[in-house]
$ cat protein_23.pdb   # PDB, C-alpha atoms
ATOM      1  CA  MET A 215       0.000   0.000   0.000
ATOM      2  CA  SER A 216       1.452   3.339  -1.084
ATOM      3  CA  ILE A 217       0.930   6.491   0.986
ATOM      4  CA  SER A 218       1.107   8.573  -2.199
ATOM      5  CA  ILE A 219      -1.805   6.601  -3.676
ATOM      6  CA  LEU A 220      -3.870   7.156  -0.531
ATOM      7  CA  ILE A 221      -3.121  10.881  -0.656
ATOM      8  CA  SER A 222      -4.071  10.989  -4.331
ATOM      9  CA  TYR A 223      -7.488   9.492  -3.514
ATOM     10  CA  LEU A 224      -7.872  11.989  -0.661
ATOM     11  CA  ILE A 225      -7.142  14.871  -3.038
ATOM     12  CA  LEU A 226      -9.529  13.346  -5.566
ATOM     13  CA  GLY A 227     -12.361  13.416  -3.034
ATOM     14  CA  PHE A 228     -11.520  17.030  -2.162
ATOM     15  CA  THR A 229     -11.593  18.134  -5.797
ATOM     16  CA  LEU A 230     -14.746  16.149  -6.630
ATOM     17  CA  ALA A 231     -16.670  18.263  -4.120
ATOM     18  CA  ALA A 232     -15.281  21.580  -5.366
ATOM     19  CA  PRO A 233     -17.347  22.371  -8.506
ATOM     20  CA  ILE A 234     -19.973  25.052  -8.001
ATOM     21  CA  GLY A 235     -23.451  23.580  -7.777
ATOM     22  CA  PRO A 236     -26.652  23.583  -5.720
ATOM     23  CA  VAL A 237     -25.027  22.192  -2.571
ATOM     24  CA  ASN A 238     -22.201  24.732  -2.554
ATOM     25  CA  SER A 239     -24.747  27.479  -3.232
ATOM     26  CA  ALA A 240     -26.744  26.296  -0.229
ATOM     27  CA  ARG A 241     -23.539  26.186   1.843
ATOM     28  CA  LEU A 242     -22.844  29.787   0.903
ATOM     29  CA  ASP A 243     -26.386  30.901   1.714
ATOM     30  CA  LYS A 244     -26.500  29.306   5.169
ATOM     31  CA  GLY A 245     -22.933  30.264   6.001
ATOM     32  CA  ILE A 246     -23.421  33.926   5.134
ATOM     33  CA  LYS A 247     -26.584  34.118   7.203
ATOM     34  CA  ASN A 248     -25.669  32.002  10.196
ATOM     35  CA  GLY A 249     -21.960  31.248  10.248
ATOM     36  CA  PHE A 250     -19.744  28.167  10.380
ATOM     37  CA  TRP A 251     -22.002  25.524  11.901
ATOM     38  CA  HIS A 252     -24.944  26.072   9.573
ATOM     39  CA  SER A 253     -22.697  25.993   6.506
ATOM     40  CA  TRP A 254     -20.945  22.892   7.799
ATOM     41  CA  ILE A 255     -24.176  21.044   8.585
ATOM     42  CA  VAL A 256     -25.508  21.679   5.058
ATOM     43  CA  GLY A 257     -22.370  20.016   3.765
ATOM     44  CA  THR A 258     -22.811  17.186   6.263
ATOM     45  CA  GLY A 259     -26.297  16.522   4.908
ATOM     46  CA  ALA A 260     -24.860  16.427   1.399
ATOM     47  CA  LEU A 261     -22.134  14.080   2.625
ATOM     48  CA  PHE A 262     -24.761  11.604   3.796
ATOM     49  CA  ALA A 263     -26.301  11.678   0.332
ATOM     50  CA  ASP A 264     -22.885  11.268  -1.293
ATOM     51  CA  GLY A 265     -22.210   8.327   1.010
ATOM     52  CA  ILE A 266     -25.468   6.691  -0.081
ATOM     53  CA  PHE A 267     -24.602   7.144  -3.764
ATOM     54  CA  MET A 268     -21.123   5.755  -3.220
ATOM     55  CA  LEU A 269     -22.561   2.776  -1.358
ATOM     56  CA  LEU A 270     -25.087   2.101  -4.119
ATOM     57  CA  VAL A 271     -22.392   2.144  -6.759
ATOM     58  CA  TYR A 272     -20.108   0.096  -4.524
ATOM     59  CA  LEU A 273     -22.770  -2.577  -4.039
ATOM     60  CA  GLY A 274     -23.820  -2.523  -7.676
ATOM     61  CA  MET A 275     -27.439  -1.505  -6.999
ATOM     62  CA  VAL A 276     -27.571   1.286  -9.539
ATOM     63  CA  GLN A 277     -30.061  -0.400 -11.894
ATOM     64  CA  PHE A 278     -32.971   1.197 -10.015
ATOM     65  CA  LEU A 279     -31.740   4.641 -11.050
ATOM     66  CA  ASP A 280     -32.230   3.685 -14.694
ATOM     67  CA  ILE A 281     -36.022   3.587 -14.228
ATOM     68  CA  PRO A 282     -37.446   6.604 -16.119
ATOM     69  CA  MET A 283     -40.129   7.461 -13.537
ATOM     70  CA  ILE A 284     -37.556   7.573 -10.753
ATOM     71  CA  GLN A 285     -35.386   9.895 -12.820
ATOM     72  CA  ILE A 286     -38.384  12.161 -13.543
ATOM     73  CA  PHE A 287     -39.323  12.242  -9.856
ATOM     74  CA  LEU A 288     -35.779  13.215  -8.885
ATOM     75  CA  TRP A 289     -35.671  16.012 -11.463
ATOM     76  CA  LEU A 290     -39.037  17.471 -10.406
ATOM     77  CA  PHE A 291     -38.642  17.087  -6.656
ATOM     78  CA  GLY A 292     -35.085  18.370  -6.751
ATOM     79  CA  GLY A 293     -36.217  21.362  -8.812
ATOM     80  CA  PHE A 294     -38.984  22.148  -6.313
ATOM     81  CA  VAL A 295     -36.607  22.027  -3.347
ATOM     82  CA  LEU A 296     -34.054  24.271  -5.063
ATOM     83  CA  ILE A 297     -36.602  26.865  -6.194
ATOM     84  CA  TYR A 298     -38.213  26.938  -2.751
ATOM     85  CA  SER A 299     -34.828  27.336  -1.052
ATOM     86  CA  GLY A 300     -33.841  30.120  -3.453
ATOM     87  CA  ILE A 301     -37.073  32.046  -2.912
ATOM     88  CA  GLU A 302     -36.672  31.713   0.858
ATOM     89  CA  SER A 303     -33.110  32.987   0.599
ATOM     90  CA  ILE A 304     -34.162  36.087  -1.347
ATOM     91  CA  LYS A 305     -37.250  36.712   0.778
ATOM     92  CA  ASN A 306     -35.288  36.534   4.021
ATOM     93  CA  SER A 307     -32.296  38.552   2.804
ATOM     94  CA  ASN A 308     -33.661  41.727   4.399
ATOM     95  CA  ASN A 309     -33.690  39.974   7.767
ATOM     96  CA  ILE A 310     -29.930  39.522   7.790
ATOM     97  CA  THR A 311     -27.942  41.391  10.400
ATOM     98  CA  LEU A 312     -24.268  41.245  11.223
ATOM     99  CA  ASN A 313     -25.251  39.413  14.380
ATOM    100  CA  TYR A 314     -27.739  37.140  12.674
ATOM    101  CA  SER A 315     -29.247  34.839  15.264
ATOM    102  CA  ARG A 316     -28.542  31.180  14.665
ATOM    103  CA  LYS A 317     -31.788  30.260  16.402
ATOM    104  CA  LYS A 318     -33.786  31.566  13.436
ATOM    105  CA  GLU A 319     -32.969  28.422  11.467
ATOM    106  CA  SER A 320     -32.331  25.071  13.072
ATOM    107  CA  LEU A 321     -29.281  22.985  12.315
ATOM    108  CA  PHE A 322     -31.570  20.047  11.535
ATOM    109  CA  LYS A 323     -33.318  22.076   8.841
ATOM    110  CA  CYS A 324     -29.949  22.978   7.325
ATOM    111  CA  PHE A 325     -28.954  19.311   7.412
ATOM    112  CA  LEU A 326     -32.149  18.366   5.565
ATOM    113  CA  THR A 327     -31.502  21.098   3.002
ATOM    114  CA  GLY A 328     -28.075  19.699   2.162
ATOM    115  CA  PHE A 329     -29.319  16.117   2.147
ATOM    116  CA  ILE A 330     -32.429  16.698   0.007
ATOM    117  CA  VAL A 331     -30.683  19.009  -2.459
ATOM    118  CA  SER A 332     -27.978  16.389  -2.990
ATOM    119  CA  ILE A 333     -30.063  13.202  -2.868
ATOM    120  CA  THR A 334     -32.608  14.545  -5.388
ATOM    121  CA  ASN A 335     -30.041  16.032  -7.750
ATOM    122  CA  PRO A 336     -29.884  13.797 -10.857
ATOM    123  CA  LEU A 337     -26.614  15.438 -11.864
ATOM    124  CA  THR A 338     -25.110  14.276  -8.565
ATOM    125  CA  ILE A 339     -26.408  10.769  -9.202
ATOM    126  CA  LEU A 340     -24.998  10.702 -12.722
ATOM    127  CA  PHE A 341     -21.787  12.251 -11.419
ATOM    128  CA  TRP A 342     -21.216   9.491  -8.872
ATOM    129  CA  LEU A 343     -22.290   6.786 -11.282
ATOM    130  CA  GLY A 344     -19.831   8.018 -13.886
ATOM    131  CA  ILE A 345     -16.910   9.221 -11.777
ATOM    132  CA  TYR A 346     -16.990   6.867  -8.820
ATOM    133  CA  GLY A 347     -18.000   3.914 -10.969
ATOM    134  CA  SER A 348     -15.030   4.461 -13.242
ATOM    135  CA  ILE A 349     -12.746   4.883 -10.200
ATOM    136  CA  LEU A 350     -13.890   1.532  -8.830
ATOM    137  CA  ALA A 351     -13.340  -0.130 -12.189
ATOM    138  CA  LYS A 352      -9.842   1.302 -12.468
ATOM    139  CA  THR A 353      -8.993   0.373  -8.866
ATOM    140  CA  ILE A 354     -10.120  -3.204  -9.364
ATOM    141  CA  GLN A 355      -8.110  -3.449 -12.572
ATOM    142  CA  THR A 356      -4.985  -1.993 -10.988
ATOM    143  CA  ASN A 357      -5.048  -3.171  -7.379
ATOM    144  CA  GLY A 358      -7.771  -5.819  -7.131
ATOM    145  CA  THR A 359     -10.767  -5.732  -4.823
ATOM    146  CA  GLU A 360      -8.869  -5.811  -1.525
ATOM    147  CA  MET A 361      -8.195  -2.072  -1.376
ATOM    148  CA  LEU A 362     -11.558  -0.826  -2.647
ATOM    149  CA  LEU A 363     -12.970   0.013   0.774
ATOM    150  CA  LEU A 364      -9.823   1.833   1.899
ATOM    151  CA  TYR A 365      -9.550   3.924  -1.268
ATOM    152  CA  SER A 366     -13.272   4.706  -1.144
ATOM    153  CA  SER A 367     -12.833   5.850   2.457
ATOM    154  CA  MET A 368     -10.053   8.216   1.401
ATOM    155  CA  ILE A 369     -12.318   9.736  -1.247
ATOM    156  CA  PHE A 370     -15.020  10.264   1.359
ATOM    157  CA  LEU A 371     -12.476  11.786   3.744
ATOM    158  CA  GLY A 372     -11.596  14.258   1.003
ATOM    159  CA  LEU A 373     -15.272  15.237   0.826
ATOM    160  CA  ILE A 374     -15.255  15.841   4.588
ATOM    161  CA  PHE A 375     -12.180  18.064   4.324
ATOM    162  CA  TRP A 376     -13.873  20.110   1.598
ATOM    163  CA  ASP A 377     -16.929  20.605   3.811
ATOM    164  CA  LEU A 378     -14.773  21.884   6.678
ATOM    165  CA  PHE A 379     -12.713  24.073   4.349
ATOM    166  CA  VAL A 380     -15.753  25.768   2.776
ATOM    167  CA  ALA A 381     -17.527  26.303   6.094
ATOM    168  CA  THR A 382     -14.390  27.861   7.605
ATOM    169  CA  LEU A 383     -13.788  30.050   4.556
ATOM    170  CA  ILE A 384     -17.375  31.294   4.382
ATOM    171  CA  SER A 385     -17.669  32.019   8.109
ATOM    172  CA  GLY A 386     -14.337  33.847   8.118
ATOM    173  CA  PHE A 387     -15.232  35.847   5.029
ATOM    174  CA  ARG A 388     -18.612  36.682   6.555
ATOM    175  CA  ASN A 389     -16.954  38.526   9.429
ATOM    176  CA  LEU A 390     -15.223  40.868   6.937
ATOM    177  CA  LEU A 391     -18.405  41.837   5.117
ATOM    178  CA  ASN A 392     -20.750  44.721   5.735
ATOM    179  CA  LEU A 393     -24.534  44.394   5.878
ATOM    180  CA  LYS A 394     -25.138  45.380   2.241
ATOM    181  CA  SER A 395     -22.616  42.824   1.028
ATOM    182  CA  LEU A 396     -24.264  40.097   3.089
ATOM    183  CA  ILE A 397     -27.682  40.920   1.631
ATOM    184  CA  ALA A 398     -26.311  41.042  -1.934
ATOM    185  CA  ILE A 399     -24.526  37.697  -1.595
ATOM    186  CA  SER A 400     -27.619  36.104  -0.071
ATOM    187  CA  ILE A 401     -29.717  37.319  -3.018
ATOM    188  CA  VAL A 402     -27.160  36.093  -5.567
ATOM    189  CA  SER A 403     -27.018  32.741  -3.801
ATOM    190  CA  GLY A 404     -30.818  32.525  -3.831
ATOM    191  CA  VAL A 405     -30.967  33.347  -7.534
ATOM    192  CA  SER A 406     -28.386  30.656  -8.292
ATOM    193  CA  LEU A 407     -30.496  28.094  -6.412
ATOM    194  CA  ILE A 408     -33.576  29.133  -8.388
ATOM    195  CA  VAL A 409     -31.679  28.839 -11.688
ATOM    196  CA  PHE A 410     -30.574  25.326 -10.803
ATOM    197  CA  GLY A 411     -34.151  24.514  -9.744
ATOM    198  CA  ILE A 412     -35.639  25.760 -12.995
ATOM    199  CA  TYR A 413     -33.121  23.696 -14.935
ATOM    200  CA  PHE A 414     -33.976  20.567 -12.966
ATOM    201  CA  GLY A 415     -37.704  21.205 -13.324
ATOM    202  CA  TYR A 416     -37.354  21.735 -17.068
ATOM    203  CA  GLN A 417     -35.459  18.473 -17.418
ATOM    204  CA  GLY A 418     -38.134  16.650 -15.438
ATOM    205  CA  ILE A 419     -41.013  18.077 -17.489
ATOM    206  CA  TYR A 420     -39.151  17.422 -20.717
ATOM    207  CA  ALA A 421     -38.518  13.803 -19.711
ATOM    208  CA  LEU A 422     -42.136  13.395 -18.621
ATOM    209  CA  TRP A 423     -43.585  14.623 -21.908
ATOM    210  CA  SER A 424     -41.036  12.708 -23.935
TER
END
$ encode --input "protein_23.pdb" --output "structure tokens"
Amino acid sequence: MSISILISYLILGFTLAAPIGPVNSARLDKGIKNGFWHSWIVGTGALFADGIFMLLVYLGMVQFLDIPMIQIFLWLFGGFVLIYSGIESIKNSNNITLNYSRKKESLFKCFLTGFIVSITNPLTILFWLGIYGSILAKTIQTNGTEMLLLYSSMIFLGLIFWDLFVATLISGFRNLLNLKSLIAISIVSGVSLIVFGIYFGYQGIYALWS
């Protein structure tokens, strides 16, 4: 077992979580409004969803995701959640203060936001099917099945590090912002969630009518 290989899988997990998408938009929204813990818990909810996808691919139970009605449901439900979250973000932007009370939104609700946004995101599903599936295939070809669990754990650890990194960055950046900047970023974050939601909803309707 090579330490450099383990580190490479750790870095892979870190970079897989980095692309801008609905989950990172939700992280930004909650972090700007409430600070580190709310941003972190959104990412933790998404991590649970990522773990489920990885487990499904790992166990070879992905055939259920090929069912058209399940794909349509994920598009539509994911779109609804994203649009609702974006509207709430914009609507509540005027309630932001520099000492925004964390009690105004529970950590459990933030956890559910991250989990639902990720678990209902067909792009996330396809992403893990394509990326993680190909990683497993390559690992088996190169190193056999013995190291699959360890390498998969390193990828997941990379996802955890990304969650901590983003939450720390957002909460630290939040303390340097003035009230107008906080409101503007919250609105931009809400709009980005709505855009993603409209895209998901369009894909679901298109698939339904097709």
$ closest_residue --input "protein_23.pdb" --among "A:Leu270, A:Ile301, A:Met368, A:Ile419" --to "A:Ile225" --atoms "only C-alpha atoms"
A:Met368
$ resolve_selection --input "protein_23.pdb" --expression "the PyMOL selection byres ((chain A and resi 384) around 9)" --output "list in words"
Arg241, Leu242, Gly245, Ile246, Gly249, Phe250, Ser253, Phe379, Val380, Ala381, Thr382, Leu383, Ser385, Gly386, Phe387, Arg388 and Asn389 of chain A
$ axis_aligned_box --input "protein_23.pdb" --around "stretch 252-261 of chain A" --padding-each-side "5 Å" --output "AutoDock Vina command-line options"
--center_x -23.6 --center_y 20.1 --center_z 5.5 --size_x 15.4 --size_y 22.0 --size_z 18.2
$ atom_distance --input "protein_23.pdb" --atom1 "atom CA of A:Thr334" --atom2 "atom CA of A:Leu362"
26.2 Å
$ resolve_selection --input "protein_23.pdb" --expression "the PyMOL selection byres ((chain A and resi 285) around 12)" --output "PDB file with C-alpha atoms, in the coordinates of the input"
ATOM      1  CA  GLN A 277     -30.061  -0.400 -11.894  1.00  0.00           C
ATOM      2  CA  PHE A 278     -32.971   1.197 -10.015  1.00  0.00           C
ATOM      3  CA  LEU A 279     -31.740   4.641 -11.050  1.00  0.00           C
ATOM      4  CA  ASP A 280     -32.230   3.685 -14.694  1.00  0.00           C
ATOM      5  CA  ILE A 281     -36.022   3.587 -14.228  1.00  0.00           C
ATOM      6  CA  PRO A 282     -37.446   6.604 -16.119  1.00  0.00           C
ATOM      7  CA  MET A 283     -40.129   7.461 -13.537  1.00  0.00           C
ATOM      8  CA  ILE A 284     -37.556   7.573 -10.753  1.00  0.00           C
ATOM      9  CA  ILE A 286     -38.384  12.161 -13.543  1.00  0.00           C
ATOM     10  CA  PHE A 287     -39.323  12.242  -9.856  1.00  0.00           C
ATOM     11  CA  LEU A 288     -35.779  13.215  -8.885  1.00  0.00           C
ATOM     12  CA  TRP A 289     -35.671  16.012 -11.463  1.00  0.00           C
ATOM     13  CA  LEU A 290     -39.037  17.471 -10.406  1.00  0.00           C
ATOM     14  CA  PHE A 291     -38.642  17.087  -6.656  1.00  0.00           C
ATOM     15  CA  GLY A 292     -35.085  18.370  -6.751  1.00  0.00           C
ATOM     16  CA  ILE A 333     -30.063  13.202  -2.868  1.00  0.00           C
ATOM     17  CA  THR A 334     -32.608  14.545  -5.388  1.00  0.00           C
ATOM     18  CA  ASN A 335     -30.041  16.032  -7.750  1.00  0.00           C
ATOM     19  CA  PRO A 336     -29.884  13.797 -10.857  1.00  0.00           C
ATOM     20  CA  LEU A 337     -26.614  15.438 -11.864  1.00  0.00           C
ATOM     21  CA  THR A 338     -25.110  14.276  -8.565  1.00  0.00           C
ATOM     22  CA  ILE A 339     -26.408  10.769  -9.202  1.00  0.00           C
ATOM     23  CA  LEU A 340     -24.998  10.702 -12.722  1.00  0.00           C
ATOM     24  CA  PHE A 414     -33.976  20.567 -12.966  1.00  0.00           C
ATOM     25  CA  GLY A 415     -37.704  21.205 -13.324  1.00  0.00           C
ATOM     26  CA  GLN A 417     -35.459  18.473 -17.418  1.00  0.00           C
ATOM     27  CA  GLY A 418     -38.134  16.650 -15.438  1.00  0.00           C
ATOM     28  CA  ILE A 419     -41.013  18.077 -17.489  1.00  0.00           C
ATOM     29  CA  TYR A 420     -39.151  17.422 -20.717  1.00  0.00           C
ATOM     30  CA  ALA A 421     -38.518  13.803 -19.711  1.00  0.00           C
ATOM     31  CA  LEU A 422     -42.136  13.395 -18.621  1.00  0.00           C
TER      32      LEU A 422
END
$ atom_distance --input "protein_23.pdb" --atom1 "atom CA of A:Ser216" --atom2 "atom CA of A:Phe262"
27.9 Å
$ atom_distance --input "protein_23.pdb" --atom1 "atom CA of A:Glu319" --atom2 "atom CA of A:Asn238"
18.1 Å
$ closest_residue --input "protein_23.pdb" --among "A:Leu378, A:Ile217, A:Ala260, A:Met361" --to "A:Thr327" --atoms "all atoms listed in the file"
A:Ala260
$ resolve_selection --input "protein_23.pdb" --expression "the PyMOL selection byres ((chain A and resi 303-308) around 8)" --output "NGL selection string"
:A and (243 or 299-302 or 309-310 or 397 or 400-401 or 403-405)
